[in-house]
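Peer 1: Provided herewith: run33.cif, mmCIF, C-alpha atoms.
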```
data_input
loop_
_atom_site.label_atom_id
_atom_site.label_comp_id
_atom_site.auth_asym_id
_atom_site.auth_seq_id
_atom_site.Cartn_x
_atom_site.Cartn_y
_atom_site.Cartn_z
CA MET Q 26 140.10 217.81 -31.60
CA THR Q 27 138.42 215.49 -34.00
CA VAL Q 28 135.28 216.20 -35.80
CA PRO Q 29 132.78 213.36 -35.93
CA HIS Q 30 132.47 211.77 -39.31
CA GLN Q 31 129.21 212.49 -40.91
CA SER Q 32 127.74 209.77 -42.99
CA THR Q 33 126.39 210.45 -46.39
CA PRO Q 34 122.67 210.06 -46.76
CA PRO Q 35 121.57 206.81 -48.46
CA ARG Q 36 121.26 207.04 -52.17
CA THR Q 37 118.07 206.43 -53.96
CA PRO Q 38 118.11 203.78 -56.70
CA GLN Q 39 118.45 206.45 -59.35
CA GLU Q 40 121.58 207.83 -57.68
CA ARG Q 41 123.48 204.48 -57.43
CA LEU Q 42 126.97 204.47 -58.72
CA PRO Q 43 127.33 202.46 -61.89
CA GLU Q 44 128.63 198.91 -61.35
CA ASP Q 45 132.19 198.45 -62.47
CA HIS Q 46 133.05 195.69 -64.96
CA ARG Q 47 134.73 193.40 -62.41
CA HIS Q 48 131.68 193.37 -60.10
CA MET Q 49 129.35 192.74 -63.03
CA ILE Q 50 131.40 189.72 -64.17
CA ARG Q 51 131.51 188.34 -60.60
CA ARG Q 52 127.73 188.81 -60.16
CA ARG Q 53 126.96 187.12 -63.48
CA TRP Q 54 129.36 184.25 -62.71
CA LEU Q 55 127.74 183.70 -59.30
CA THR Q 56 124.26 183.77 -60.87
CA ALA Q 57 125.32 181.20 -63.49
CA VAL Q 58 126.79 178.88 -60.81
CA ILE Q 59 123.60 179.08 -58.73
CA ILE Q 60 121.43 178.30 -61.76
CA VAL Q 61 123.64 175.34 -62.73
CA LEU Q 62 123.44 173.98 -59.19
CA LEU Q 63 119.69 174.48 -58.93
CA VAL Q 64 119.06 172.79 -62.27
CA GLY Q 65 122.02 170.42 -62.60
CA ILE Q 66 121.79 168.56 -59.30
CA PRO Q 67 118.11 167.58 -59.64
CA ALA Q 68 118.64 166.73 -63.32
CA GLY Q 69 121.60 164.51 -62.43
CA TYR Q 70 119.56 162.81 -59.74
CA LEU Q 71 116.75 162.16 -62.24
CA VAL Q 72 119.17 160.65 -64.76
CA ILE Q 73 120.69 158.32 -62.15
CA SER Q 74 117.27 157.37 -60.77
CA ALA Q 75 115.90 156.67 -64.25
CA GLY Q 76 118.86 154.40 -65.02
CA GLN Q 77 118.36 152.43 -61.82
CA SER Q 78 114.62 152.16 -62.43
CA ARG Q 79 115.19 150.96 -65.99
CA ASP Q 80 117.67 148.31 -64.80
CA SER Q 81 115.23 147.16 -62.10
CA GLY Q 82 112.43 146.97 -64.66
CA ARG Q 83 114.59 144.89 -66.98
CA ASP Q 84 115.40 142.46 -64.16
CA LYS Q 85 111.72 142.11 -63.27
CA GLU Q 86 110.75 141.72 -66.93
CA ARG Q 87 113.39 139.01 -67.43
CA GLU Q 88 112.18 137.20 -64.31
CA SER Q 89 108.49 137.43 -65.17
CA SER Q 90 109.01 136.38 -68.79
CA ALA Q 91 110.81 133.21 -67.74
CA ALA Q 92 108.80 130.13 -68.54
CA GLY Q 93 109.34 127.41 -66.00
CA LEU Q 94 111.81 126.98 -63.21
CA GLN Q 95 114.84 129.25 -62.97
CA GLU Q 96 117.97 127.74 -61.48
CA ASN Q 97 118.48 130.25 -58.73
CA TRP Q 98 117.41 130.98 -55.17
CA PRO Q 99 114.16 132.89 -54.79
CA SER Q 100 114.74 136.24 -53.13
CA LEU Q 101 114.54 136.39 -49.36
CA MET Q 102 111.41 138.52 -49.69
CA LYS Q 103 109.68 135.82 -51.82
CA ARG Q 104 110.71 133.12 -49.37
CA ARG Q 105 109.20 135.17 -46.52
CA VAL Q 106 105.99 136.11 -48.33
CA PHE Q 107 105.33 132.54 -49.47
CA GLU Q 108 106.77 131.02 -46.28
CA VAL Q 109 109.13 128.67 -48.09
CA PRO Q 110 112.28 128.60 -45.91
CA VAL Q 111 114.86 126.99 -48.20
CA PRO Q 112 117.51 125.69 -45.77
CA ALA Q 113 121.06 127.01 -45.84
CA GLY Q 114 123.35 124.69 -47.75
CA ALA Q 115 120.62 123.47 -50.11
CA TRP Q 116 121.72 122.82 -53.70
CA GLY Q 117 120.01 122.40 -57.04
CA VAL Q 118 117.69 125.22 -56.02
CA ALA Q 119 115.21 126.41 -58.65
CA TYR Q 120 112.00 128.41 -58.47
CA TYR Q 121 109.19 129.86 -60.53
CA GLU Q 122 106.54 132.39 -59.55
CA THR Q 123 103.13 132.92 -61.11
CA SER Q 124 100.68 135.66 -60.27
CA ASN Q 125 97.24 136.63 -61.42
CA TRP Q 126 94.36 138.59 -59.92
CA LYS Q 127 93.18 135.57 -57.94
CA THR Q 128 96.24 133.63 -56.71
CA SER Q 129 100.02 133.92 -56.53
CA ARG Q 130 102.13 130.77 -56.43
CA LEU Q 131 105.78 130.06 -55.76
CA TYR Q 132 107.21 126.76 -57.04
CA VAL Q 133 110.48 125.75 -55.38
CA GLN Q 134 112.65 122.66 -55.66
CA PHE Q 135 115.93 121.88 -53.93
CA SER Q 136 118.09 119.08 -52.58
CA THR Q 137 119.27 119.07 -49.01
CA THR Q 138 120.52 116.81 -46.24
CA ALA Q 139 118.31 114.85 -43.85
CA THR Q 140 118.93 117.56 -41.23
CA GLY Q 141 118.18 120.28 -43.79
CA LEU Q 142 114.84 118.58 -44.53
CA ASP Q 143 113.97 118.55 -40.83
CA VAL Q 144 114.87 122.25 -40.56
CA PHE Q 145 112.80 123.08 -43.66
CA LEU Q 146 109.76 121.19 -42.37
CA ALA Q 147 110.01 122.71 -38.88
CA GLU Q 148 110.32 126.26 -40.26
CA SER Q 149 107.38 125.54 -42.58
CA GLY Q 150 105.24 124.63 -39.58
CA THR Q 151 105.24 120.84 -39.93
CA SER Q 152 107.50 117.85 -39.30
CA ARG Q 153 108.72 114.64 -40.87
CA ALA Q 154 105.95 112.78 -38.99
CA ALA Q 155 103.38 114.67 -41.11
CA LEU Q 156 104.83 113.28 -44.37
CA THR Q 157 102.57 110.55 -45.73
CA PRO Q 158 104.55 107.84 -47.59
CA GLY Q 159 103.44 107.31 -51.18
CA ARG Q 160 101.58 110.65 -51.29
CA VAL Q 161 102.28 113.34 -53.90
CA THR Q 162 100.59 116.50 -52.69
CA VAL Q 163 101.48 118.72 -55.63
CA GLY Q 164 98.44 118.90 -57.92
CA GLU Q 165 98.48 117.97 -61.61
CA ARG Q 166 98.06 121.58 -62.72
CA ASP Q 167 101.05 122.66 -60.64
CA VAL Q 168 103.11 119.69 -61.88
CA GLU Q 169 102.41 120.77 -65.45
CA ILE Q 170 103.28 124.43 -64.79
CA ALA Q 171 106.54 123.60 -63.01
CA GLY Q 172 107.48 120.81 -65.42
CA TRP Q 173 107.97 118.30 -62.63
CA ARG Q 174 107.57 114.54 -63.07
CA PHE Q 175 106.67 112.35 -60.11
CA VAL Q 176 107.39 108.94 -61.61
CA GLU Q 177 106.75 105.49 -60.17
CA GLY Q 178 109.59 103.71 -58.40
CA MET Q 179 110.60 106.66 -56.23
CA GLN Q 180 109.86 106.98 -52.53
CA TRP Q 181 107.52 109.96 -52.49
CA SER Q 182 106.14 111.43 -49.28
CA GLY Q 183 103.97 114.48 -48.96
CA THR Q 184 102.07 116.83 -46.73
CA THR Q 185 100.13 120.07 -46.99
CA VAL Q 186 100.73 122.93 -44.59
CA LYS Q 187 97.50 124.86 -44.13
CA ARG Q 188 97.69 128.27 -42.54
CA GLU Q 189 95.06 130.81 -41.62
CA LYS Q 190 94.31 133.25 -44.47
CA PRO Q 191 95.83 135.46 -45.77
CA ARG Q 192 98.93 133.37 -45.10
CA PRO Q 193 99.82 130.91 -47.85
CA HIS Q 194 99.20 127.18 -47.83
CA THR Q 195 102.02 124.95 -49.03
CA ASP Q 196 101.99 121.56 -50.74
CA ILE Q 197 105.24 119.73 -50.00
CA THR Q 198 106.35 116.56 -51.76
CA VAL Q 199 109.69 114.95 -50.91
CA ASP Q 200 111.68 112.33 -52.80
CA LEU Q 201 113.13 110.12 -50.05
CA THR Q 202 114.68 107.55 -52.40
CA ASP Q 203 118.04 108.58 -50.90
CA PRO Q 204 117.04 109.49 -47.33
CA ALA Q 205 120.43 111.14 -46.66
CA PHE Q 206 119.86 113.62 -49.52
CA PRO Q 207 116.12 114.22 -50.06
CA ARG Q 208 114.80 116.29 -52.93
CA VAL Q 209 112.02 118.72 -51.98
CA TYR Q 210 109.25 120.06 -54.22
CA ALA Q 211 107.06 122.79 -52.74
CA VAL Q 212 104.20 124.87 -54.09
CA SER Q 213 103.10 127.74 -51.91
CA ALA Q 214 99.92 129.60 -52.88
CA THR Q 215 98.41 132.76 -51.48
CA SER Q 216 95.34 134.78 -52.37
CA PRO Q 217 95.43 138.54 -51.88
#
```
Would you give me this structure, written as C-alpha coordinates?
Peer 2:
Amino acid sequence: MTVPHQSTPPRTPQERLPEDHRHMIRRRWLTAVIIVLLVGIPAGYLVISAGQSRDSGRDKERESSAAGLQENWPSLMKRRVFEVPVPAGAWGVAYYETSNWKTSRLYVQFSTTATGLDVFLAESGTSRAALTPGRVTVGERDVEIAGWRFVEGMQWSGTTVKREKPRPHTDITVDLTDPAFPRVYAVSATSP
(Lines of atoms letter the chains of each structure in order from A and count residues from 1; the text may use other names and numbers.)
(Lines give C-alpha, C1' and ligand atoms only; values in the text may rest on other atoms or scores of the structure.)
Protein backbone atom coordinates (compact mmCIF):
# COMPACT_ATOMS: atom_id res chain seq x y z
CA MET A 1 0.00 0.00 0.00
CA THR A 2 1.27 3.40 -0.90
CA VAL A 3 0.66 6.47 1.05
CA PRO A 4 -0.25 9.55 -0.96
CA HIS A 5 2.48 12.11 -1.12
CA GLN A 6 1.64 15.17 0.79
CA SER A 7 2.86 18.40 -0.62
CA THR A 8 4.57 20.91 1.51
CA PRO A 9 2.70 24.13 2.05
CA PRO A 10 3.93 27.07 -0.06
CA ARG A 11 6.59 29.12 1.56
CA THR A 12 6.18 32.73 2.33
CA PRO A 13 8.80 35.10 0.90
CA GLN A 14 10.61 35.18 4.22
CA GLU A 15 10.94 31.39 4.22
CA ARG A 16 12.48 31.06 0.69
CA LEU A 17 15.58 29.03 0.43
CA PRO A 18 18.62 31.13 -0.32
CA GLU A 19 19.61 31.20 -4.00
CA ASP A 20 22.70 29.20 -4.75
CA HIS A 21 25.64 30.85 -6.53
CA ARG A 22 25.07 29.12 -9.89
CA HIS A 23 21.43 30.31 -10.12
CA MET A 24 22.43 33.84 -9.15
CA ILE A 25 25.07 33.98 -11.91
CA ARG A 26 22.60 32.60 -14.48
CA ARG A 27 19.90 35.12 -13.43
CA ARG A 28 22.33 38.05 -13.61
CA TRP A 29 23.66 36.89 -16.98
CA LEU A 30 20.13 36.61 -18.39
CA THR A 31 19.25 40.07 -17.04
CA ALA A 32 22.38 41.55 -18.64
CA VAL A 33 21.58 39.95 -22.02
CA ILE A 34 18.00 41.26 -21.94
CA ILE A 35 19.20 44.79 -21.10
CA VAL A 36 21.81 44.70 -23.90
CA LEU A 37 19.16 43.55 -26.37
CA LEU A 38 16.61 46.13 -25.24
CA VAL A 39 19.14 48.96 -25.43
CA GLY A 40 21.59 47.75 -28.08
CA ILE A 41 19.20 46.94 -30.92
CA PRO A 42 17.42 50.33 -30.93
CA ALA A 43 20.76 52.12 -30.47
CA GLY A 44 22.24 50.23 -33.42
CA TYR A 45 19.21 51.07 -35.52
CA LEU A 46 19.58 54.76 -34.63
CA VAL A 47 23.27 54.75 -35.58
CA ILE A 48 22.55 53.13 -38.96
CA SER A 49 19.59 55.43 -39.61
CA ALA A 50 21.60 58.53 -38.71
CA GLY A 51 24.37 57.49 -41.10
CA GLN A 52 21.92 56.99 -43.95
CA SER A 53 20.20 60.29 -43.20
CA ARG A 54 23.53 62.12 -43.12
CA ASP A 55 24.56 60.61 -46.47
CA SER A 56 21.19 61.55 -47.99
CA GLY A 57 21.53 65.09 -46.66
CA ARG A 58 25.00 65.40 -48.15
CA ASP A 59 23.71 64.25 -51.55
CA LYS A 60 20.87 66.78 -51.43
CA GLU A 61 23.21 69.53 -50.26
CA ARG A 62 25.66 68.78 -53.08
CA GLU A 63 22.82 68.82 -55.61
CA SER A 64 21.23 72.01 -54.33
CA SER A 65 24.54 73.85 -54.08
CA ALA A 66 25.36 73.13 -57.71
CA ALA A 67 25.31 76.26 -59.80
CA GLY A 68 24.14 75.58 -63.30
CA LEU A 69 23.52 72.41 -65.22
CA GLN A 70 24.76 69.09 -63.87
CA GLU A 71 25.75 66.49 -66.43
CA ASN A 72 23.47 63.74 -65.25
CA TRP A 73 19.92 62.47 -65.66
CA PRO A 74 17.33 64.06 -63.39
CA SER A 75 15.80 61.49 -61.07
CA LEU A 76 12.72 59.66 -62.26
CA MET A 77 10.73 61.45 -59.56
CA LYS A 78 11.81 64.89 -60.88
CA ARG A 79 10.99 63.87 -64.43
CA ARG A 80 7.51 62.80 -63.30
CA VAL A 81 6.82 65.85 -61.13
CA PHE A 82 7.94 68.29 -63.82
CA GLU A 83 6.58 66.13 -66.65
CA VAL A 84 9.83 66.13 -68.62
CA PRO A 85 10.03 62.61 -70.12
CA VAL A 86 13.65 62.39 -71.28
CA PRO A 87 13.57 59.60 -73.89
CA ALA A 88 15.53 56.40 -73.40
CA GLY A 89 18.81 56.48 -75.29
CA ALA A 90 19.22 60.26 -74.98
CA TRP A 91 22.79 61.49 -74.50
CA GLY A 92 24.44 64.66 -73.31
CA VAL A 93 21.76 64.87 -70.64
CA ALA A 94 22.11 67.67 -68.09
CA TYR A 95 19.69 69.30 -65.68
CA TYR A 96 19.35 71.97 -63.03
CA GLU A 97 16.55 72.56 -60.55
CA THR A 98 15.62 75.79 -58.80
CA SER A 99 13.02 76.21 -56.10
CA ASN A 100 11.67 79.09 -54.09
CA TRP A 101 8.44 79.80 -52.26
CA LYS A 102 6.71 80.85 -55.48
CA THR A 103 7.93 78.59 -58.32
CA SER A 104 10.01 75.47 -58.91
CA ARG A 105 11.75 74.98 -62.24
CA LEU A 106 13.55 72.10 -63.88
CA TYR A 107 15.98 72.90 -66.71
CA VAL A 108 16.83 69.91 -68.91
CA GLN A 109 18.90 69.54 -72.06
CA PHE A 110 19.66 66.43 -74.07
CA SER A 111 20.39 65.13 -77.55
CA THR A 112 18.31 62.41 -79.10
CA THR A 113 17.31 60.88 -82.42
CA ALA A 114 14.46 62.11 -84.61
CA THR A 115 12.31 59.26 -83.23
CA GLY A 116 13.38 60.13 -79.67
CA LEU A 117 12.25 63.73 -80.25
CA ASP A 118 8.84 62.53 -81.45
CA VAL A 119 8.53 60.28 -78.37
CA PHE A 120 9.55 63.15 -76.06
CA LEU A 121 7.06 65.56 -77.63
CA ALA A 122 4.22 63.00 -77.56
CA GLU A 123 4.86 62.12 -73.90
CA SER A 124 5.03 65.85 -73.10
CA GLY A 125 1.56 66.32 -74.58
CA THR A 126 2.49 67.93 -77.89
CA SER A 127 3.88 67.00 -81.30
CA ARG A 128 6.40 68.07 -83.90
CA ALA A 129 3.60 69.97 -85.70
CA ALA A 130 3.37 72.31 -82.69
CA LEU A 131 7.03 73.38 -83.07
CA THR A 132 7.21 76.86 -84.58
CA PRO A 133 10.32 77.30 -86.78
CA GLY A 134 12.55 80.19 -85.73
CA ARG A 135 10.93 80.42 -82.28
CA VAL A 136 12.92 80.19 -79.03
CA THR A 137 10.40 79.68 -76.24
CA VAL A 138 12.85 79.64 -73.34
CA GLY A 139 12.77 83.09 -71.72
CA GLU A 140 15.83 85.30 -71.23
CA ARG A 141 15.82 84.82 -67.47
CA ASP A 142 15.81 81.05 -67.86
CA VAL A 143 18.53 81.21 -70.53
CA GLU A 144 20.70 83.17 -68.11
CA ILE A 145 20.07 80.77 -65.20
CA ALA A 146 20.79 77.66 -67.28
CA GLY A 147 23.72 79.22 -69.13
CA TRP A 148 22.28 78.37 -72.53
CA ARG A 149 23.03 80.33 -75.70
CA PHE A 150 20.57 80.35 -78.58
CA VAL A 151 22.77 81.85 -81.28
CA GLU A 152 21.86 82.91 -84.81
CA GLY A 153 22.50 80.49 -87.65
CA MET A 154 20.91 77.49 -85.96
CA GLN A 155 17.52 76.05 -86.87
CA TRP A 156 15.56 76.70 -83.69
CA SER A 157 11.97 75.58 -83.23
CA GLY A 158 9.88 75.93 -80.13
CA THR A 159 6.59 75.37 -78.42
CA THR A 160 5.06 75.77 -74.97
CA VAL A 161 3.05 73.00 -73.37
CA LYS A 162 0.41 74.53 -71.11
CA ARG A 163 -1.32 72.28 -68.64
CA GLU A 164 -4.05 72.87 -66.12
CA LYS A 165 -2.71 73.98 -62.71
CA PRO A 166 -1.17 72.63 -60.54
CA ARG A 167 0.54 70.68 -63.33
CA PRO A 168 3.65 72.34 -64.75
CA HIS A 169 3.91 74.22 -68.02
CA THR A 170 6.94 73.50 -70.19
CA ASP A 171 8.84 75.68 -72.65
CA ILE A 172 10.54 73.49 -75.25
CA THR A 173 13.14 74.73 -77.72
CA VAL A 174 14.76 72.33 -80.18
CA ASP A 175 17.89 72.76 -82.28
CA LEU A 176 17.01 71.07 -85.59
CA THR A 177 20.22 72.05 -87.39
CA ASP A 178 20.89 68.30 -87.70
CA PRO A 179 17.34 66.90 -87.96
CA ALA A 180 18.57 63.32 -87.40
CA PHE A 181 20.02 64.28 -83.99
CA PRO A 182 18.09 67.21 -82.48
CA ARG A 183 19.17 68.91 -79.28
CA VAL A 184 16.34 69.65 -76.84
CA TYR A 185 16.18 72.43 -74.24
CA ALA A 186 13.23 72.32 -71.85
CA VAL A 187 12.20 74.43 -68.88
CA SER A 188 9.34 73.08 -66.83
CA ALA A 189 7.86 75.33 -64.14
CA THR A 190 5.31 74.58 -61.46
CA SER A 191 3.80 76.64 -58.67
CA PRO A 192 2.82 74.89 -55.44
Peer 1: May I have a table of the residues of segment 103-175 of chain Q lying at most 6 Å from segment 197-215 of chain Q, giving each one's closest pair of atoms and their distance in Å to one decimal, counting all atoms listed in the file, ordered by chain and ascending residue number, as a tab-separated table?
Peer 2:
```
residue	atom	partner	partner_atom	distance
Q:Phe107	CA	Q:Ser213	CA	5.8
Q:Thr128	CA	Q:Thr215	CA	5.7
Q:Ser129	CA	Q:Thr215	CA	5.4
Q:Arg130	CA	Q:Ala214	CA	4.3
Q:Leu131	CA	Q:Ser213	CA	5.2
Q:Tyr132	CA	Q:Val212	CA	4.6
Q:Val133	CA	Q:Ala211	CA	5.2
Q:Gln134	CA	Q:Tyr210	CA	4.5
Q:Phe135	CA	Q:Val209	CA	5.4
Q:Ser136	CA	Q:Arg208	CA	4.3
Q:Thr137	CA	Q:Phe206	CA	5.5
Q:Thr138	CA	Q:Phe206	CA	4.6
Q:Ala139	CA	Q:Ala205	CA	5.1
Q:Val161	CA	Q:Thr198	CA	5.6
Q:Thr162	CA	Q:Thr198	CA	5.8
```
Peer 1: I need the chosen residues saved as an mmCIF file, in the frame of the given file, with C-alpha atoms.
Peer 2:
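Wrote it out as out-v7.cif, contents follow:
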```cif
data_model
loop_
_atom_site.group_PDB
_atom_site.id
_atom_site.type_symbol
_atom_site.label_atom_id
_atom_site.label_comp_id
_atom_site.auth_asym_id
_atom_site.auth_seq_id
_atom_site.Cartn_x
_atom_site.Cartn_y
_atom_site.Cartn_z
ATOM 1 C CA PHE Q 107 105.330 132.540 -49.470
ATOM 2 C CA THR Q 128 96.240 133.630 -56.710
ATOM 3 C CA SER Q 129 100.020 133.920 -56.530
ATOM 4 C CA ARG Q 130 102.130 130.770 -56.430
ATOM 5 C CA LEU Q 131 105.780 130.060 -55.760
ATOM 6 C CA TYR Q 132 107.210 126.760 -57.040
ATOM 7 C CA VAL Q 133 110.480 125.750 -55.380
ATOM 8 C CA GLN Q 134 112.650 122.660 -55.660
ATOM 9 C CA PHE Q 135 115.930 121.880 -53.930
ATOM 10 C CA SER Q 136 118.090 119.080 -52.580
ATOM 11 C CA THR Q 137 119.270 119.070 -49.010
ATOM 12 C CA THR Q 138 120.520 116.810 -46.240
ATOM 13 C CA ALA Q 139 118.310 114.850 -43.850
ATOM 14 C CA VAL Q 161 102.280 113.340 -53.900
ATOM 15 C CA THR Q 162 100.590 116.500 -52.690
#
```
Peer 1: Could you name the residues that touch Arg160 of chain Q at 8 Å or less, counting only C-alpha atoms, but leaving out those on the same chain fewer than 2 positions away, as a list in words?
Peer 2: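 Counting only the stated atoms, we get Thr157, Pro158, Thr162, Trp181, Ser182, Gly183, Thr184 and Thr198 of chain Q.
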Peer 1: My list of candidates is Q:Ala57, Q:Leu63, Q:Leu94, Q:Leu101. Which is closest to Val118 of chain Q when distances are computed with only C-alpha atoms?
Peer 2: Q:Leu94
Peer 1: The PyMOL selection byres ((chain Q and resi 191) around 10) on the file shown: which residues, as an MDAnalysis selection string?
Peer 2: chainID Q and resid 188:190 192:194 215:217
Peer 1: Quick one: pull the distance between atom CA of Phe145 of chain Q and atom CA of Pro112 of chain Q, Å, one decimal.
Peer 2: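 Going from atom CA of Phe145 of chain Q over to atom CA of Pro112 of chain Q covers 5.8 Å.
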Peer 1: One decimal, in Å: what's the spacing between atom CA of Gly150 of chain Q and atom CA of Val111 of chain Q?
Peer 2: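 The value is 13.1 Å.
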Peer 1: Just to confirm, what's the straight-line distance from atom CA of Ser124 of chain Q to atom CA of Trp98 of chain Q in Å (one decimal)?
Peer 2: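 Distance between the two atoms: 18.1 Å.
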Peer 1: Quick check on the file I pasted: which residues fall under the PyMOL selection byres ((chain Q and resi 174) around 12)? Write them as a ChimeraX atom specification.
Peer 2: /Q:161,163-173,175-179,181,198,200,210
Peer 1: How big is the axis-aligned box around all listed atoms of segment 157-162 of chain Q once 4 Å goes on each side, and where's its centre, in Å to one decimal, as lines of an AutoDock Vina configuration file?
Peer 2:
```
center_x = 102.6
center_y = 111.9
center_z = -49.8
size_x = 12.0
size_y = 17.2
size_z = 16.2
```
Peer 1: For segment 124-148 of chain Q, where the input has fewer atoms than it should, I would like N, CA, C and O atoms rebuilt and written as a PDB file, keeping the file's coordinate frame.
Peer 2:
```pdb
ATOM      1  N   SER Q 124     101.618 134.766 -60.950  1.00  0.00           N
ATOM      2  CA  SER Q 124     100.680 135.660 -60.270  1.00  0.00           C
ATOM      3  C   SER Q 124      99.553 136.019 -61.223  1.00  0.00           C
ATOM      4  O   SER Q 124      99.775 136.229 -62.413  1.00  0.00           O
ATOM      5  N   ASN Q 125      98.361 136.070 -60.680  1.00  0.00           N
ATOM      6  CA  ASN Q 125      97.240 136.630 -61.420  1.00  0.00           C
ATOM      7  C   ASN Q 125      96.349 137.329 -60.403  1.00  0.00           C
ATOM      8  O   ASN Q 125      96.693 137.427 -59.232  1.00  0.00           O
ATOM      9  N   TRP Q 126      95.213 137.804 -60.822  1.00  0.00           N
ATOM     10  CA  TRP Q 126      94.360 138.590 -59.920  1.00  0.00           C
ATOM     11  C   TRP Q 126      93.798 137.759 -58.785  1.00  0.00           C
ATOM     12  O   TRP Q 126      93.389 138.277 -57.763  1.00  0.00           O
ATOM     13  N   LYS Q 127      93.798 136.438 -58.934  1.00  0.00           N
ATOM     14  CA  LYS Q 127      93.180 135.570 -57.940  1.00  0.00           C
ATOM     15  C   LYS Q 127      94.182 134.924 -56.985  1.00  0.00           C
ATOM     16  O   LYS Q 127      93.976 134.907 -55.774  1.00  0.00           O
ATOM     17  N   THR Q 128      95.284 134.382 -57.529  1.00  0.00           N
ATOM     18  CA  THR Q 128      96.240 133.630 -56.710  1.00  0.00           C
ATOM     19  C   THR Q 128      97.667 133.852 -57.183  1.00  0.00           C
ATOM     20  O   THR Q 128      97.920 133.953 -58.380  1.00  0.00           O
ATOM     21  N   SER Q 129      98.588 133.889 -56.230  1.00  0.00           N
ATOM     22  CA  SER Q 129     100.020 133.920 -56.530  1.00  0.00           C
ATOM     23  C   SER Q 129     100.620 132.619 -56.013  1.00  0.00           C
ATOM     24  O   SER Q 129     100.286 132.176 -54.914  1.00  0.00           O
ATOM     25  N   ARG Q 130     101.511 132.033 -56.818  1.00  0.00           N
ATOM     26  CA  ARG Q 130     102.130 130.770 -56.430  1.00  0.00           C
ATOM     27  C   ARG Q 130     103.641 130.858 -56.586  1.00  0.00           C
ATOM     28  O   ARG Q 130     104.135 131.465 -57.528  1.00  0.00           O
ATOM     29  N   LEU Q 131     104.336 130.196 -55.665  1.00  0.00           N
ATOM     30  CA  LEU Q 131     105.780 130.060 -55.760  1.00  0.00           C
ATOM     31  C   LEU Q 131     106.105 128.574 -55.788  1.00  0.00           C
ATOM     32  O   LEU Q 131     105.723 127.830 -54.889  1.00  0.00           O
ATOM     33  N   TYR Q 132     106.770 128.149 -56.863  1.00  0.00           N
ATOM     34  CA  TYR Q 132     107.210 126.760 -57.040  1.00  0.00           C
ATOM     35  C   TYR Q 132     108.695 126.719 -56.697  1.00  0.00           C
ATOM     36  O   TYR Q 132     109.465 127.496 -57.258  1.00  0.00           O
ATOM     37  N   VAL Q 133     109.079 125.843 -55.787  1.00  0.00           N
ATOM     38  CA  VAL Q 133     110.480 125.750 -55.380  1.00  0.00           C
ATOM     39  C   VAL Q 133     110.888 124.277 -55.326  1.00  0.00           C
ATOM     40  O   VAL Q 133     110.118 123.436 -54.856  1.00  0.00           O
ATOM     41  N   GLN Q 134     112.093 123.998 -55.802  1.00  0.00           N
ATOM     42  CA  GLN Q 134     112.650 122.660 -55.660  1.00  0.00           C
ATOM     43  C   GLN Q 134     114.098 122.807 -55.200  1.00  0.00           C
ATOM     44  O   GLN Q 134     114.763 123.775 -55.538  1.00  0.00           O
ATOM     45  N   PHE Q 135     114.548 121.866 -54.386  1.00  0.00           N
ATOM     46  CA  PHE Q 135     115.930 121.880 -53.930  1.00  0.00           C
ATOM     47  C   PHE Q 135     116.283 120.520 -53.345  1.00  0.00           C
ATOM     48  O   PHE Q 135     115.412 119.738 -52.973  1.00  0.00           O
ATOM     49  N   SER Q 136     117.574 120.266 -53.270  1.00  0.00           N
ATOM     50  CA  SER Q 136     118.090 119.080 -52.580  1.00  0.00           C
ATOM     51  C   SER Q 136     118.748 119.558 -51.298  1.00  0.00           C
ATOM     52  O   SER Q 136     119.282 120.668 -51.235  1.00  0.00           O
ATOM     53  N   THR Q 137     118.697 118.706 -50.296  1.00  0.00           N
ATOM     54  CA  THR Q 137     119.270 119.070 -49.010  1.00  0.00           C
ATOM     55  C   THR Q 137     119.700 117.806 -48.281  1.00  0.00           C
ATOM     56  O   THR Q 137     119.600 116.708 -48.822  1.00  0.00           O
ATOM     57  N   THR Q 138     120.168 117.962 -47.083  1.00  0.00           N
ATOM     58  CA  THR Q 138     120.520 116.810 -46.240  1.00  0.00           C
ATOM     59  C   THR Q 138     119.308 116.416 -45.421  1.00  0.00           C
ATOM     60  O   THR Q 138     118.297 117.137 -45.395  1.00  0.00           O
ATOM     61  N   ALA Q 139     119.406 115.292 -44.722  1.00  0.00           N
ATOM     62  CA  ALA Q 139     118.310 114.850 -43.850  1.00  0.00           C
ATOM     63  C   ALA Q 139     118.038 115.917 -42.776  1.00  0.00           C
ATOM     64  O   ALA Q 139     116.882 116.236 -42.477  1.00  0.00           O
ATOM     65  N   THR Q 140     119.094 116.494 -42.228  1.00  0.00           N
ATOM     66  CA  THR Q 140     118.930 117.560 -41.230  1.00  0.00           C
ATOM     67  C   THR Q 140     118.310 118.797 -41.860  1.00  0.00           C
ATOM     68  O   THR Q 140     117.446 119.442 -41.269  1.00  0.00           O
ATOM     69  N   GLY Q 141     118.747 119.134 -43.080  1.00  0.00           N
ATOM     70  CA  GLY Q 141     118.180 120.280 -43.790  1.00  0.00           C
ATOM     71  C   GLY Q 141     116.687 120.101 -44.034  1.00  0.00           C
ATOM     72  O   GLY Q 141     115.910 121.058 -43.937  1.00  0.00           O
ATOM     73  N   LEU Q 142     116.262 118.859 -44.343  1.00  0.00           N
ATOM     74  CA  LEU Q 142     114.840 118.580 -44.530  1.00  0.00           C
ATOM     75  C   LEU Q 142     114.069 118.830 -43.237  1.00  0.00           C
ATOM     76  O   LEU Q 142     113.010 119.447 -43.244  1.00  0.00           O
ATOM     77  N   ASP Q 143     114.626 118.348 -42.125  1.00  0.00           N
ATOM     78  CA  ASP Q 143     113.970 118.550 -40.830  1.00  0.00           C
ATOM     79  C   ASP Q 143     113.839 120.041 -40.505  1.00  0.00           C
ATOM     80  O   ASP Q 143     112.801 120.492 -40.022  1.00  0.00           O
ATOM     81  N   VAL Q 144     114.896 120.797 -40.798  1.00  0.00           N
ATOM     82  CA  VAL Q 144     114.870 122.250 -40.560  1.00  0.00           C
ATOM     83  C   VAL Q 144     113.808 122.896 -41.443  1.00  0.00           C
ATOM     84  O   VAL Q 144     113.010 123.716 -40.977  1.00  0.00           O
ATOM     85  N   PHE Q 145     113.786 122.528 -42.729  1.00  0.00           N
ATOM     86  CA  PHE Q 145     112.800 123.080 -43.660  1.00  0.00           C
ATOM     87  C   PHE Q 145     111.379 122.795 -43.179  1.00  0.00           C
ATOM     88  O   PHE Q 145     110.529 123.687 -43.142  1.00  0.00           O
ATOM     89  N   LEU Q 146     111.112 121.554 -42.815  1.00  0.00           N
ATOM     90  CA  LEU Q 146     109.760 121.190 -42.370  1.00  0.00           C
ATOM     91  C   LEU Q 146     109.384 121.922 -41.093  1.00  0.00           C
ATOM     92  O   LEU Q 146     108.260 122.425 -40.981  1.00  0.00           O
ATOM     93  N   ALA Q 147     110.302 122.014 -40.144  1.00  0.00           N
ATOM     94  CA  ALA Q 147     110.010 122.710 -38.880  1.00  0.00           C
ATOM     95  C   ALA Q 147     109.723 124.188 -39.134  1.00  0.00           C
ATOM     96  O   ALA Q 147     108.756 124.745 -38.590  1.00  0.00           O
ATOM     97  N   GLU Q 148     110.534 124.837 -39.976  1.00  0.00           N
ATOM     98  CA  GLU Q 148     110.320 126.260 -40.260  1.00  0.00           C
ATOM     99  C   GLU Q 148     109.080 126.476 -41.110  1.00  0.00           C
ATOM    100  O   GLU Q 148     108.537 127.581 -41.145  1.00  0.00           O
TER     101      GLU Q 148
END
```
